[in-house]
Amino acid sequence: MRVGLLTGGGDCPGLNAAIRAVVKHGEGTYGHSIIGFRNGWKGVVDGDVMPLGRPHIRNVLPMGGTLLGTARFHPNEENGGIDAVLATLEAERIEALICIGGDGTLHAASKVAEAGVRIVAIPKTIDNDVAGTDLSIGFHTAVNIATEAIDRVHTTAESHNRVMVVEVMGRHAGWIAVNAGMAGGAELVLAPEEPFDIDQVVKFLKHRHRAHASFSIVVVAEGASPREGGSMDYRTQLGKFGEIVAGAIGERLAHEIEQRTGFETRVTILGHVQRGGAPTPTDRILGSRFGVAAMDAIAAGTTGVMTALRGEHIELVPLSEVAGRVKHVPADMLRAAQVLA
Ligand code: F6P
């Protein structure tokens, strides 16, 4: 059988582990041929293919990024995009397609599956906001990177008696902010799930600095925003694909804090550092398990599903239950991060 494989959307550590598992298990166990599409759905539309065999996956397990390349391209949003996808798949005699991606890629995958293509998806995004799975590839590494960064910011904050604002990724959900914020001992964690009140932020910082501290760490997710009707007027700034303009909320928040408290304040924007470099063992293992499960699902003739971590097990969930939905940080977890100031 000829099985297509693509990685779409933003890259992240752990993608190569999934690619490697698909190739090893697909070739080794089932005798399939794996055909890679370069740069996500764009490669399918353009017919940009590469053979994927054992030589291509040698030594890729510890490598960040994706050996297939990726792009933010959604065929379901382009005129004739789905038809172009179908034409390429027919020309390449692809019988099934494995799509590794986040919300945009999975949404496109569900549309292509509806058009009759046999599809199995694998969730990845450092934001960890794909519904239906406990974890997505890349999240664990991003939390590690962000935690280490907060630890480093901590010592300089303390030395200089400053407020340090650390902006982390997380468009719709504050998974990185909450996890890295808690692990790094941040004083405040601001997430998209709960619009913040700048007056409360200022009150908290003033009280803390009056009572027992001379520095504070504020972790803010890029998608966090002040509450409507509050004294800080701010609109989240979005790019073409709904990605958030990096640094916008971090810079603004640092400015507001400094102006309103009089405390010297600095901002650190972690940005794409969170998406780069070697994956943690957890992400290598998750990518590998998802790759094996996706190939098994293909072999079993399953379609329109996504591999998902549920507790200890990898399960298959219908793409229709996942696409277009956001997995938010639960309120109890958010609260735990907030009360540990
Ligand atoms: O979707 C993951 C993500 O890392 C978001 O947190 C961020 O807003 C976006 O990608 C950045 O996208 P780009 O790499 O296109 O700038």
# chains A, B, ... in the order shown; residues from 1 in each chain; ligands from 1
>>> residues_around(residues="Gly102 of chain A", least_positions_apart="2", cutoff="12 Å", atoms="only C-alpha atoms", output="count of residues only")
46
>>> select_by_dssp(residues="segment 52-225 of chain A", states="helix (DSSP H, G or I)", output="MDAnalysis selection string")
chainID A and resid 54:57 75:77 81:91 103:114 139:160 175:183 198:211
>>> residues_around(residues="segment 211-219 of chain A", least_positions_apart="3", cutoff="10 Å", atoms="only C-alpha atoms", output="JSON, numbers by chain")
{"A": [146, 150, 151, 153, 154, 155, 156, 157, 158, 159, 160, 161, 162, 163, 164, 165, 166, 167, 168, 176, 177, 178, 180, 181, 182, 184, 185, 186, 187, 188, 189, 190, 191, 201, 205, 206, 207, 208, 222, 250, 253, 254, 263, 264, 265, 266, 267, 268, 341]}
>>> closest_residue(among="A:His172, A:Arg260, A:Arg54, A:Arg310", to="ligand 1", atoms="only C-alpha atoms and all ligand atoms")
A:His172
